[in-house]
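Everything below belongs to coords_8.cif, which stores mmCIF, C-alpha atoms.
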data_data
#
loop_
_atom_site.label_atom_id
_atom_site.label_comp_id
_atom_site.auth_asym_id
_atom_site.auth_seq_id
_atom_site.Cartn_x
_atom_site.Cartn_y
_atom_site.Cartn_z
CA MET G 846 24.02 -16.12 57.35
CA ARG G 847 20.57 -16.00 55.74
CA ALA G 848 20.21 -14.53 52.27
CA TYR G 849 18.16 -11.53 53.40
CA GLU G 850 20.94 -10.53 55.83
CA ARG G 851 23.31 -10.38 52.89
CA LEU G 852 20.77 -8.29 50.97
CA LEU G 853 20.76 -5.75 53.80
CA LYS G 854 24.54 -5.47 53.53
CA TYR G 855 24.60 -5.15 49.74
CA ALA G 856 21.61 -2.80 49.48
CA VAL G 857 23.41 0.16 51.10
CA VAL G 858 26.18 0.12 48.46
CA ASN G 859 25.26 2.65 45.77
CA THR G 860 25.53 0.74 42.49
CA THR G 861 23.33 2.76 40.14
CA SER G 862 24.21 2.42 36.48
CA HIS G 863 24.02 5.52 34.31
CA GLU G 864 22.81 5.45 30.73
CA GLU G 865 24.48 8.76 29.96
CA ASN G 866 27.82 7.11 30.79
CA MET G 867 27.21 3.80 29.04
CA ALA G 868 30.31 4.21 26.88
CA ASN G 869 32.16 3.14 30.03
CA VAL G 870 31.73 -0.26 31.67
CA PRO G 871 30.89 -0.06 34.46
CA SER G 872 28.93 3.15 34.08
CA GLY G 873 28.90 3.78 37.83
CA ALA G 874 31.94 3.69 40.13
CA GLY G 875 29.90 2.14 42.94
CA GLU G 876 29.67 -1.09 40.97
CA PHE G 877 33.36 -1.60 41.68
CA ASP G 878 32.68 -1.07 45.38
CA LEU G 879 30.21 -3.94 45.48
CA ALA G 880 32.34 -6.11 43.19
CA ASN G 881 35.33 -5.75 45.51
CA LEU G 882 33.20 -6.41 48.60
CA LEU G 883 31.85 -9.56 46.98
CA ALA G 884 35.30 -10.71 45.92
CA GLU G 885 36.49 -10.54 49.53
CA GLU G 886 33.42 -12.43 50.72
CA MET G 887 33.74 -15.06 47.97
CA THR G 888 37.34 -15.72 48.95
CA ALA G 889 36.44 -15.87 52.64
CA ILE G 890 33.75 -18.54 52.14
CA GLY G 891 36.10 -20.70 50.06
CA LEU G 892 35.62 -19.97 46.37
CA GLN G 893 38.80 -20.23 44.30
CA GLY G 894 40.30 -18.11 41.55
CA VAL G 895 38.30 -15.07 42.62
CA TYR G 896 39.00 -11.87 40.69
CA VAL G 897 37.48 -8.57 39.62
CA ASP G 898 38.31 -7.50 36.07
CA GLU G 899 38.66 -4.02 34.61
CA HIS G 900 34.89 -3.84 33.89
CA ALA G 901 33.79 -4.87 37.43
CA TYR G 902 32.87 -8.44 36.51
CA VAL G 903 33.60 -10.46 39.64
CA MET G 904 34.11 -14.17 39.15
CA GLY G 905 34.86 -17.16 41.39
CA PHE G 906 34.91 -20.93 41.13
CA LEU G 907 34.13 -23.99 43.20
CA PRO G 908 35.87 -27.09 41.84
CA ALA G 909 33.87 -30.30 41.77
CA ALA G 910 33.70 -32.39 44.92
CA LYS G 911 35.74 -35.58 44.73
CA GLY G 912 34.01 -38.12 42.52
CA TYR G 913 31.85 -35.52 40.72
CA GLU G 914 34.44 -34.12 38.33
CA SER G 915 32.52 -35.37 35.27
CA ILE G 916 29.36 -33.42 36.15
CA PRO G 917 28.68 -30.51 33.72
CA SER G 918 29.74 -27.14 35.09
CA ILE G 919 26.87 -24.90 36.20
CA GLY G 920 27.15 -21.13 36.18
CA PHE G 921 25.15 -18.76 38.37
CA ASN G 922 24.84 -15.06 37.56
CA ALA G 923 23.24 -11.91 38.96
CA HIS G 924 23.89 -8.25 38.25
CA LEU G 925 25.54 -5.62 40.41
CA ASP G 926 23.78 -2.48 39.24
CA THR G 927 20.49 -0.92 40.20
CA VAL G 928 18.33 1.51 38.24
CA ASP G 929 18.82 5.25 38.48
CA ASP G 930 15.07 5.93 38.38
CA LEU G 931 15.00 7.85 41.67
CA GLY G 932 18.27 9.67 41.15
CA GLY G 933 20.46 7.29 43.10
CA THR G 934 20.38 4.61 45.74
CA ASP G 935 21.02 6.18 49.10
CA THR G 936 19.15 3.19 50.42
CA HIS G 937 17.82 2.78 53.95
CA PRO G 938 16.22 -0.68 54.11
CA GLN G 939 13.67 -1.48 56.80
CA VAL G 940 13.02 -4.96 58.18
CA ILE G 941 9.41 -5.85 59.02
CA THR G 942 9.28 -9.01 61.12
CA ASP G 943 6.16 -11.13 61.61
CA TYR G 944 4.23 -9.06 59.05
CA ASP G 945 0.58 -8.66 60.09
CA GLY G 946 -0.94 -8.03 56.65
CA SER G 947 -1.54 -4.30 57.14
CA VAL G 948 -0.38 -1.28 55.13
CA ILE G 949 3.34 -0.61 55.70
CA PRO G 950 4.42 3.08 55.92
CA LEU G 951 7.67 3.61 54.04
CA GLY G 952 9.60 5.77 56.46
CA THR G 953 8.44 9.37 56.54
CA SER G 954 8.08 9.60 52.75
CA GLY G 955 4.28 9.55 52.80
CA LYS G 956 4.34 6.42 50.64
CA ALA G 957 3.09 3.05 51.82
CA LEU G 958 3.20 -0.57 50.76
CA ASP G 959 -0.46 -1.53 50.43
CA PRO G 960 -1.77 -5.12 49.98
CA ASP G 961 -4.54 -3.69 47.79
CA GLN G 962 -1.87 -2.61 45.30
CA PHE G 963 0.43 -5.58 45.86
CA PRO G 964 -1.92 -8.53 46.51
CA HIS G 965 0.85 -11.10 47.04
CA LEU G 966 1.50 -9.39 50.39
CA ARG G 967 -1.60 -11.14 51.68
CA ASP G 968 0.35 -14.39 51.41
CA CYS G 969 3.20 -12.93 53.45
CA VAL G 970 1.48 -12.68 56.84
CA GLY G 971 3.88 -13.90 59.53
CA LYS G 972 6.90 -13.52 57.26
CA THR G 973 9.84 -11.09 57.28
CA LEU G 974 9.79 -8.29 54.70
CA ILE G 975 12.60 -5.98 53.65
CA VAL G 976 11.25 -2.66 52.37
CA THR G 977 12.51 0.83 51.52
CA ASP G 978 11.97 4.11 53.34
CA GLY G 979 10.16 5.40 50.24
CA THR G 980 13.03 7.55 48.95
CA SER G 981 14.90 5.01 46.83
CA VAL G 982 14.74 1.61 45.25
CA LEU G 983 15.69 -1.27 47.53
CA GLY G 984 18.07 -2.85 45.06
CA ALA G 985 16.63 -6.36 45.41
CA ASP G 986 16.90 -6.16 41.62
CA ASP G 987 19.37 -7.74 41.63
CA LYS G 988 21.09 -7.80 45.01
CA ALA G 989 18.56 -10.37 46.20
CA GLY G 990 19.85 -12.59 43.41
CA ILE G 991 23.44 -12.00 44.48
CA ALA G 992 22.54 -12.78 48.10
CA VAL G 993 20.79 -16.03 47.14
CA ILE G 994 23.75 -17.22 45.05
CA MET G 995 26.27 -16.32 47.75
CA THR G 996 24.26 -18.10 50.43
CA MET G 997 23.85 -21.19 48.25
CA VAL G 998 27.59 -21.40 47.60
CA GLU G 999 28.40 -20.94 51.28
CA ARG G 1000 26.02 -23.80 52.11
CA LEU G 1001 27.62 -26.09 49.52
CA ILE G 1002 31.03 -25.50 51.06
CA ARG G 1003 30.10 -25.42 54.74
CA GLU G 1004 27.90 -28.52 54.58
CA ASN G 1005 30.27 -30.39 52.27
CA LEU G 1006 27.45 -31.18 49.85
CA PRO G 1007 28.11 -33.14 46.64
CA HIS G 1008 28.43 -30.97 43.56
CA GLY G 1009 30.01 -30.70 40.16
CA PRO G 1010 32.08 -27.65 39.12
CA ILE G 1011 30.37 -24.35 39.97
CA SER G 1012 31.09 -20.95 38.40
CA VAL G 1013 29.80 -17.69 39.86
CA CYS G 1014 29.80 -14.30 38.16
CA PHE G 1015 28.26 -10.97 39.11
CA SER G 1016 28.11 -8.55 36.20
CA PRO G 1017 27.70 -4.77 35.76
CA ASP G 1018 25.26 -2.54 33.90
CA GLU G 1019 22.42 -4.97 33.20
CA GLU G 1020 19.88 -2.19 33.67
CA ILE G 1021 21.28 -0.19 30.75
CA GLY G 1022 21.77 -3.11 28.39
CA HIS G 1023 25.45 -4.08 28.80
CA GLY G 1024 24.96 -6.89 31.28
CA ALA G 1025 26.80 -10.02 30.26
CA ALA G 1026 28.08 -8.63 26.95
CA LEU G 1027 31.70 -8.59 28.14
CA LEU G 1028 31.55 -11.68 30.32
CA ASP G 1029 34.43 -13.99 29.36
CA LEU G 1030 32.50 -17.20 28.72
CA LYS G 1031 35.65 -19.22 28.19
CA ALA G 1032 36.94 -18.20 31.61
CA PHE G 1033 33.48 -18.72 33.13
CA GLY G 1034 33.58 -22.29 31.86
CA ALA G 1035 29.93 -23.23 32.42
CA LYS G 1036 27.91 -25.59 30.22
CA TYR G 1037 24.57 -24.52 31.71
CA GLY G 1038 23.66 -21.31 33.46
CA TYR G 1039 20.98 -19.70 35.61
CA THR G 1040 20.43 -16.02 36.26
CA LEU G 1041 18.79 -15.04 39.56
CA ASP G 1042 16.94 -11.90 38.51
CA GLY G 1043 13.25 -12.68 39.03
CA SER G 1044 10.61 -12.44 41.72
CA ALA G 1045 8.66 -15.46 43.01
CA PRO G 1046 10.86 -18.49 43.73
CA ASN G 1047 8.58 -20.85 41.77
CA MET G 1048 9.13 -18.99 38.51
CA VAL G 1049 11.26 -20.33 35.65
CA GLU G 1050 11.55 -17.72 32.91
CA TYR G 1051 12.99 -18.64 29.54
CA GLU G 1052 10.85 -16.65 27.13
CA THR G 1053 11.78 -12.99 26.72
CA PHE G 1054 10.73 -10.23 24.40
CA ASN G 1055 12.41 -9.55 21.11
CA ALA G 1056 13.58 -6.01 21.67
CA ALA G 1057 14.66 -2.96 19.70
CA GLN G 1058 15.06 0.77 20.19
CA ALA G 1059 13.77 3.23 17.60
CA CYS G 1060 15.03 6.82 17.45
CA VAL G 1061 12.87 9.10 15.29
CA ARG G 1062 13.99 12.63 14.38
CA PHE G 1063 11.84 15.40 12.91
CA THR G 1064 13.08 18.43 10.97
CA GLY G 1065 10.70 21.34 10.85
CA PHE G 1066 10.75 24.77 9.20
CA SER G 1067 10.67 27.60 11.70
CA VAL G 1068 9.62 31.13 10.80
CA HIS G 1069 8.06 33.96 12.77
CA PRO G 1070 4.57 32.83 13.84
CA GLY G 1071 3.13 36.14 12.64
CA SER G 1072 4.00 35.29 9.05
CA ALA G 1073 3.95 31.50 9.26
CA LYS G 1074 0.89 30.69 7.18
CA GLY G 1075 1.76 28.19 4.47
CA LYS G 1076 5.40 28.13 5.56
CA MET G 1077 5.92 26.87 9.11
CA VAL G 1078 6.34 23.16 9.76
CA ASN G 1079 6.45 22.65 13.54
CA ALA G 1080 8.73 19.71 14.37
CA GLN G 1081 6.97 19.12 17.68
CA LEU G 1082 3.60 18.79 15.95
CA LEU G 1083 5.21 16.37 13.49
CA ALA G 1084 6.30 14.26 16.43
CA MET G 1085 2.78 14.33 17.87
CA GLU G 1086 1.35 13.33 14.49
CA PHE G 1087 3.82 10.45 14.25
CA ASN G 1088 2.92 9.13 17.70
CA GLY G 1089 -0.78 9.48 16.90
CA MET G 1090 -0.35 7.08 13.97
CA LEU G 1091 0.74 4.23 16.26
CA PRO G 1092 -1.89 1.82 17.64
CA PRO G 1093 -3.12 3.52 20.85
CA ASP G 1094 -3.80 0.28 22.73
CA GLU G 1095 -0.39 -1.26 22.05
CA ILE G 1096 1.41 0.42 24.94
CA PRO G 1097 2.73 -1.09 28.21
CA ALA G 1098 -0.22 0.22 30.26
CA ARG G 1099 -2.69 -1.72 28.09
CA THR G 1100 -0.86 -4.97 27.39
CA GLU G 1101 0.11 -8.09 29.32
CA GLY G 1102 1.37 -11.65 28.89
CA HIS G 1103 2.57 -12.26 25.35
CA GLU G 1104 1.19 -8.95 24.03
CA GLY G 1105 3.82 -6.66 22.55
CA PHE G 1106 3.96 -2.87 22.59
CA TYR G 1107 5.44 0.42 21.44
CA HIS G 1108 6.76 2.38 24.43
CA LEU G 1109 7.66 6.06 24.13
CA THR G 1110 10.56 6.55 26.54
CA ASP G 1111 11.90 10.01 25.65
CA SER G 1112 10.83 13.10 23.76
CA SER G 1113 12.42 16.48 23.17
CA GLY G 1114 12.33 19.32 20.70
CA ASN G 1115 11.33 22.75 19.56
CA THR G 1116 9.77 24.20 16.45
CA SER G 1117 12.80 23.41 14.30
CA GLU G 1118 13.79 19.98 15.56
CA ALA G 1119 12.26 17.23 17.65
CA SER G 1120 12.95 13.62 18.53
CA LEU G 1121 11.12 10.62 19.95
CA THR G 1122 12.67 7.45 21.34
CA TYR G 1123 10.70 4.21 21.55
CA ILE G 1124 11.40 0.71 22.71
CA LEU G 1125 9.67 -1.97 20.65
CA ARG G 1126 8.83 -5.31 22.26
CA ASP G 1127 7.18 -8.55 21.12
CA HIS G 1128 7.63 -12.23 21.96
CA ASP G 1129 6.63 -13.28 18.44
CA ALA G 1130 9.43 -12.74 15.89
CA GLU G 1131 7.07 -11.97 12.98
CA LYS G 1132 5.06 -9.48 15.00
CA PHE G 1133 8.32 -7.93 16.22
CA ASP G 1134 9.48 -7.40 12.63
CA ALA G 1135 6.07 -5.93 11.84
CA ARG G 1136 6.51 -3.38 14.63
CA LYS G 1137 9.81 -2.22 13.17
CA LYS G 1138 8.22 -1.97 9.71
CA LYS G 1139 5.33 0.03 11.21
CA ILE G 1140 7.74 2.65 12.55
CA LEU G 1141 9.55 2.90 9.22
CA GLY G 1142 6.26 2.97 7.30
CA ILE G 1143 4.92 5.92 9.29
CA ALA G 1144 8.16 7.79 8.63
CA GLU G 1145 7.74 7.17 4.90
CA LYS G 1146 4.15 8.43 4.95
CA LEU G 1147 5.12 11.65 6.71
CA ASN G 1148 8.01 12.21 4.33
CA ALA G 1149 5.61 11.77 1.42
CA LYS G 1150 3.28 14.32 3.04
CA TYR G 1151 5.82 16.95 4.14
CA GLY G 1152 8.82 16.29 1.92
CA PRO G 1153 11.86 14.00 1.88
CA GLY G 1154 14.10 14.25 4.95
CA THR G 1155 11.37 15.58 7.23
CA VAL G 1156 11.48 12.38 9.29
CA SER G 1157 14.50 10.15 9.78
CA CYS G 1158 14.50 6.93 11.75
CA SER G 1159 17.10 4.51 13.10
CA ILE G 1160 16.27 1.17 14.71
CA ARG G 1161 18.74 -0.80 16.83
CA ASP G 1162 18.06 -4.39 17.86
CA GLN G 1163 18.74 -4.94 21.56
CA TYR G 1164 18.07 -8.62 22.29
CA ARG G 1165 16.06 -11.57 21.01
CA ASN G 1166 13.67 -14.07 22.55
CA MET G 1167 15.84 -16.61 24.35
CA ALA G 1168 13.16 -19.32 23.98
CA GLU G 1169 14.59 -20.28 20.60
CA VAL G 1170 17.89 -21.21 22.31
CA ILE G 1171 16.45 -22.81 25.45
CA ALA G 1172 14.27 -25.08 23.28
CA LYS G 1173 17.47 -26.89 22.27
CA TYR G 1174 18.39 -27.56 25.91
CA PRO G 1175 15.19 -28.78 27.63
CA GLU G 1176 17.19 -30.33 30.46
CA VAL G 1177 18.16 -26.93 31.88
CA VAL G 1178 14.46 -26.12 32.42
CA ARG G 1179 13.46 -29.65 33.43
CA ILE G 1180 16.01 -29.71 36.26
CA ALA G 1181 14.92 -26.28 37.55
CA GLU G 1182 11.29 -27.40 37.41
CA ALA G 1183 12.06 -30.49 39.51
CA ALA G 1184 14.15 -28.46 41.96
CA ILE G 1185 11.19 -26.14 42.57
CA ARG G 1186 8.87 -29.06 43.22
CA ASP G 1187 11.45 -30.41 45.68
CA VAL G 1188 10.66 -27.45 47.99
CA GLY G 1189 6.90 -27.99 47.71
CA LEU G 1190 6.13 -25.30 45.14
CA GLU G 1191 4.45 -25.67 41.77
CA PRO G 1192 6.59 -24.26 38.94
CA GLU G 1193 5.23 -21.53 36.70
CA PHE G 1194 6.67 -20.39 33.37
CA PRO G 1195 5.55 -16.81 32.68
CA PRO G 1196 6.93 -14.92 29.68
CA VAL G 1197 9.40 -12.24 30.71
CA ARG G 1198 8.05 -8.82 29.84
CA GLY G 1199 11.56 -7.47 29.64
CA GLY G 1200 15.04 -8.89 29.25
CA THR G 1201 17.60 -10.65 31.39
CA ASP G 1202 21.30 -11.30 31.15
CA GLY G 1203 20.20 -14.87 30.52
CA ALA G 1204 18.91 -13.88 27.07
CA GLN G 1205 22.26 -12.43 26.14
CA LEU G 1206 24.13 -15.40 27.58
CA SER G 1207 21.86 -17.89 25.82
CA PHE G 1208 22.54 -16.36 22.43
CA ARG G 1209 26.24 -16.32 23.21
CA GLY G 1210 26.15 -20.09 23.73
CA LEU G 1211 25.31 -20.56 27.42
CA PRO G 1212 21.67 -21.70 27.84
CA CYS G 1213 20.53 -19.69 30.83
CA PRO G 1214 16.93 -19.41 32.08
CA ASN G 1215 16.05 -16.92 34.79
CA LEU G 1216 14.91 -17.84 38.30
CA GLY G 1217 13.22 -15.91 41.10
CA ALA G 1218 15.01 -14.54 44.16
CA GLY G 1219 12.14 -13.27 46.32
CA GLY G 1220 12.11 -9.59 45.33
CA TYR G 1221 9.09 -7.64 44.07
CA ALA G 1222 7.97 -4.27 42.63
CA PHE G 1223 11.34 -3.57 41.02
CA HIS G 1224 12.39 -0.13 39.77
CA GLY G 1225 10.59 2.00 42.30
CA PRO G 1226 10.24 2.96 45.98
CA TYR G 1227 7.77 0.10 46.60
CA GLU G 1228 10.42 -2.52 45.90
CA HIS G 1229 10.56 -5.14 48.62
CA ALA G 1230 11.81 -8.65 49.34
CA VAL G 1231 10.47 -11.59 51.34
CA ALA G 1232 13.11 -13.26 53.51
CA GLU G 1233 11.45 -16.68 53.52
CA GLU G 1234 11.13 -16.67 49.74
CA MET G 1235 14.82 -15.84 49.45
CA ASP G 1236 15.46 -18.89 51.67
CA GLN G 1237 13.36 -20.99 49.30
CA SER G 1238 15.39 -19.71 46.35
CA VAL G 1239 18.57 -20.84 48.11
CA GLU G 1240 17.09 -24.32 48.58
CA ILE G 1241 16.04 -24.43 44.92
CA LEU G 1242 19.60 -23.67 43.79
CA LEU G 1243 20.93 -26.36 46.09
CA ASN G 1244 18.41 -28.76 44.58
CA ILE G 1245 19.51 -27.80 41.07
CA VAL G 1246 23.11 -28.58 41.98
CA ARG G 1247 22.07 -31.88 43.55
CA ARG G 1248 19.93 -32.90 40.59
CA PHE G 1249 22.79 -32.27 38.18
CA THR G 1250 24.89 -34.71 40.23
CA GLU G 1251 22.10 -37.30 39.92
CA ALA G 1252 21.33 -36.77 36.23
#

Would you write out, as structure tokens, the structure that this file holds?
Amino acid sequence: MRAYERLLKYAVVNTTSHEENMANVPSGAGEFDLANLLAEEMTAIGLQGVYVDEHAYVMGFLPAAKGYESIPSIGFNAHLDTVDDLGGTDTHPQVITDYDGSVIPLGTSGKALDPDQFPHLRDCVGKTLIVTDGTSVLGADDKAGIAVIMTMVERLIRENLPHGPISVCFSPDEEIGHGAALLDLKAFGAKYGYTLDGSAPNMVEYETFNAAQACVRFTGFSVHPGSAKGKMVNAQLLAMEFNGMLPPDEIPARTEGHEGFYHLTDSSGNTSEASLTYILRDHDAEKFDARKKKILGIAEKLNAKYGPGTVSCSIRDQYRNMAEVIAKYPEVVRIAEAAIRDVGLEPEFPPVRGGTDGAQLSFRGLPCPNLGAGGYAFHGPYEHAVAEEMDQSVEILLNIVRRFTEA
């Protein structure tokens, strides 16, 4: 079975994670549905010790082939959940064979996948694309990663290829920040890891943002507007003033590469009370700390202007730049780089403008760069995958396994 055929099977399982239910892991019951389906498939293809735990982590193991028992154990990970951006994943994937380079209508939604908006499609002429019907995400983030890992493992077993010990885990709730937090690393048993949660198969990602969330609350003074002069303090206007004191060009829509940003994700309020929620991102640790101080400094200025307690602020660190861990294990990147060249591609090392479970795993002691799995335009109805690139990702993983046996 090719990887894209597995993606078609997994995509129709609704595995949205739900931030409002993040006290529970998993946050969506459908994650158990996919975990159990995968556990059955893992057992059927020959993985051992397969189980699903109480948090929907599904794990399985492939013992080393005879004579390769001393090879370091490699772990492969992808996540079960998909974003809830479109209110669910009642997904109806479409398969476009022998793509001709034209605009692709997405069902009857009125949306279309246009090469002018997604230029890499021009390199996909003659290939097979998997797209949505325009009403949901596809779920290639990260079911393409799951499909690539499953296909790689099946090939290892079916073709009796040499390999050291292999661990596989699919984890819940990556999209809302839980991800690998509860993964039992001792049970997983890997010395090196790779997440499959990226796009182009020639990408090796090991540099993530430093990340934090800032929650800012504003307390106003509400009186009748007819007699408000000199008395009313409108909490919503306070919030607008606060946001206006942030650098206007340091937002996601105006930054790229290593440039950090302040991103307003939520706002609510009335005259008496208001709140703003931001995510803060920067690859550079000093600049990241400066962003947190900027938020706190603005709060202090407004409190000095309007009175103590007018603005309160809490900042919660979410994850750190995994590059500081990966730098201690250059071999995990070097082997991936060589494996990519083995399939005729030139490796690229873009900074991740987001986070991956690999960042969390790296800081927990498992160095774990992120690799591509052939999916694009994540988190929206234009999400799509390229079957041939998924095939290349499978070959790259096989090459990684082989190169570990030769190291």

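Residue nearest Gln1058 in chain G, chosen from G:Arg1136, G:Arg1003, G:Lys1076, G:Arg1247 and counting all atoms listed in the file: G:Arg1136.
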
Do a neighbour search on Ala1144 in chain G at 12 Å with only C-alpha atoms, toss out local chain neighbours closer than 2 positions, and write the hits as a PyMOL selection string.
-> chain G and resi 1059-1064+1083-1084+1086-1088+1090-1091+1137-1142+1146-1159

What residues have an atom no more than 9 Å from (17.8, -5.7, 52.6) in the file's own frame, counting all atoms listed in the file, and can you write them as a ChimeraX atom specification?
-> /G:849-857,937-940,974-977,983-985,988-989,1229-1230,1232

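The shell of residues at most 8 Å from Ala884 in chain G, with all atoms listed in the file counted and near chain neighbours (fewer than 2 positions) removed, consists of Ala880, Asn881, Leu882, Glu886, Met887, Thr888, Val895, Tyr896, Val897, Val903, Met904 and Gly905 of chain G.
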
Give as a ChimeraX atom specification the residues that the PyMOL selection byres ((chain G and resi 1025-1036) around 6) matches when applied to the coordinates above.
-> /G:918-920,1023-1024,1037,1202

Quick one: apply the PyMOL selection byres ((chain G and resi 1241) around 8) to the file and drop the selected residues here as a PDB file with C-alpha atoms, keeping the file's coordinate frame.
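What ended up in part01.pdb:
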ATOM      1  CA  PRO G1046      10.860 -18.490  43.730  1.00  0.00           C
ATOM      2  CA  ALA G1181      14.920 -26.280  37.550  1.00  0.00           C
ATOM      3  CA  ALA G1184      14.150 -28.460  41.960  1.00  0.00           C
ATOM      4  CA  ILE G1185      11.190 -26.140  42.570  1.00  0.00           C
ATOM      5  CA  ASP G1187      11.450 -30.410  45.680  1.00  0.00           C
ATOM      6  CA  VAL G1188      10.660 -27.450  47.990  1.00  0.00           C
ATOM      7  CA  GLN G1237      13.360 -20.990  49.300  1.00  0.00           C
ATOM      8  CA  SER G1238      15.390 -19.710  46.350  1.00  0.00           C
ATOM      9  CA  VAL G1239      18.570 -20.840  48.110  1.00  0.00           C
ATOM     10  CA  GLU G1240      17.090 -24.320  48.580  1.00  0.00           C
ATOM     11  CA  LEU G1242      19.600 -23.670  43.790  1.00  0.00           C
ATOM     12  CA  LEU G1243      20.930 -26.360  46.090  1.00  0.00           C
ATOM     13  CA  ASN G1244      18.410 -28.760  44.580  1.00  0.00           C
ATOM     14  CA  ILE G1245      19.510 -27.800  41.070  1.00  0.00           C
TER      15      ILE G1245
END

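Here the PyMOL selection byres ((chain G and resi 1209-1220) around 6) matches the residues Ala985, Ala989, Gly990, Tyr1037, Gly1038, Tyr1039, Thr1040, Leu1041, Gly1043, Ser1044, Ala1045, Pro1046, Met1048, Val1049, Glu1050, Tyr1051, Ile1171, Gly1203, Leu1206, Ser1207, Phe1208, Tyr1221, His1229, Ala1230, Val1231, Glu1234, Met1235 and Ser1238 of chain G.
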
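With all atoms listed in the file as the atoms that count, the minimum distance from Ala1056 in chain G to the choices G:Phe877, G:Tyr1164, G:Tyr1123, G:Tyr1174 is reached by G:Tyr1164.
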
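Counting from CA of Leu925 in chain G, the distance to CA of Lys956 in chain G is 26.4 Å.
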
Which residues come within 12 Å of Leu1082 in chain G, counting only C-alpha atoms, excluding same-chain residues fewer than 3 positions away, as a PyMOL selection string?
-> chain G and resi 1063-1066+1077-1079+1085-1089+1113-1121+1147

Mind rebuilding range 1091-1102 of chain G with N, CA and C atoms and writing that out as a PDB file, in the frame of the given file?
ATOM      1  N   LEU G1091       0.479   5.540  15.674  1.00  0.00           N
ATOM      2  CA  LEU G1091       0.740   4.230  16.260  1.00  0.00           C
ATOM      3  C   LEU G1091      -0.525   3.697  16.928  1.00  0.00           C
ATOM      4  N   PRO G1092      -0.685   2.382  17.015  1.00  0.00           N
ATOM      5  CA  PRO G1092      -1.890   1.820  17.640  1.00  0.00           C
ATOM      6  C   PRO G1092      -1.995   2.245  19.108  1.00  0.00           C
ATOM      7  N   PRO G1093      -3.044   2.931  19.498  1.00  0.00           N
ATOM      8  CA  PRO G1093      -3.120   3.520  20.850  1.00  0.00           C
ATOM      9  C   PRO G1093      -3.195   2.493  21.970  1.00  0.00           C
ATOM     10  N   ASP G1094      -3.668   1.296  21.676  1.00  0.00           N
ATOM     11  CA  ASP G1094      -3.800   0.280  22.730  1.00  0.00           C
ATOM     12  C   ASP G1094      -2.564  -0.598  22.870  1.00  0.00           C
ATOM     13  N   GLU G1095      -1.576  -0.414  22.003  1.00  0.00           N
ATOM     14  CA  GLU G1095      -0.390  -1.260  22.050  1.00  0.00           C
ATOM     15  C   GLU G1095       0.740  -0.523  22.781  1.00  0.00           C
ATOM     16  N   ILE G1096       0.454  -0.232  24.050  1.00  0.00           N
ATOM     17  CA  ILE G1096       1.410   0.420  24.940  1.00  0.00           C
ATOM     18  C   ILE G1096       1.510  -0.421  26.213  1.00  0.00           C
ATOM     19  N   PRO G1097       2.567  -0.255  27.017  1.00  0.00           N
ATOM     20  CA  PRO G1097       2.730  -1.090  28.210  1.00  0.00           C
ATOM     21  C   PRO G1097       1.523  -1.067  29.147  1.00  0.00           C
ATOM     22  N   ALA G1098       0.886   0.091  29.312  1.00  0.00           N
ATOM     23  CA  ALA G1098      -0.220   0.220  30.260  1.00  0.00           C
ATOM     24  C   ALA G1098      -1.465  -0.544  29.832  1.00  0.00           C
ATOM     25  N   ARG G1099      -1.496  -1.028  28.581  1.00  0.00           N
ATOM     26  CA  ARG G1099      -2.690  -1.720  28.090  1.00  0.00           C
ATOM     27  C   ARG G1099      -2.390  -3.107  27.539  1.00  0.00           C
ATOM     28  N   THR G1100      -1.236  -3.645  27.887  1.00  0.00           N
ATOM     29  CA  THR G1100      -0.860  -4.970  27.390  1.00  0.00           C
ATOM     30  C   THR G1100      -0.347  -5.832  28.540  1.00  0.00           C
ATOM     31  N   GLU G1101      -0.372  -7.153  28.310  1.00  0.00           N
ATOM     32  CA  GLU G1101       0.110  -8.090  29.320  1.00  0.00           C
ATOM     33  C   GLU G1101       0.476  -9.400  28.632  1.00  0.00           C
ATOM     34  N   GLY G1102       1.053 -10.331  29.414  1.00  0.00           N
ATOM     35  CA  GLY G1102       1.370 -11.650  28.890  1.00  0.00           C
ATOM     36  C   GLY G1102       2.260 -11.600  27.671  1.00  0.00           C
TER      37      GLY G1102
END
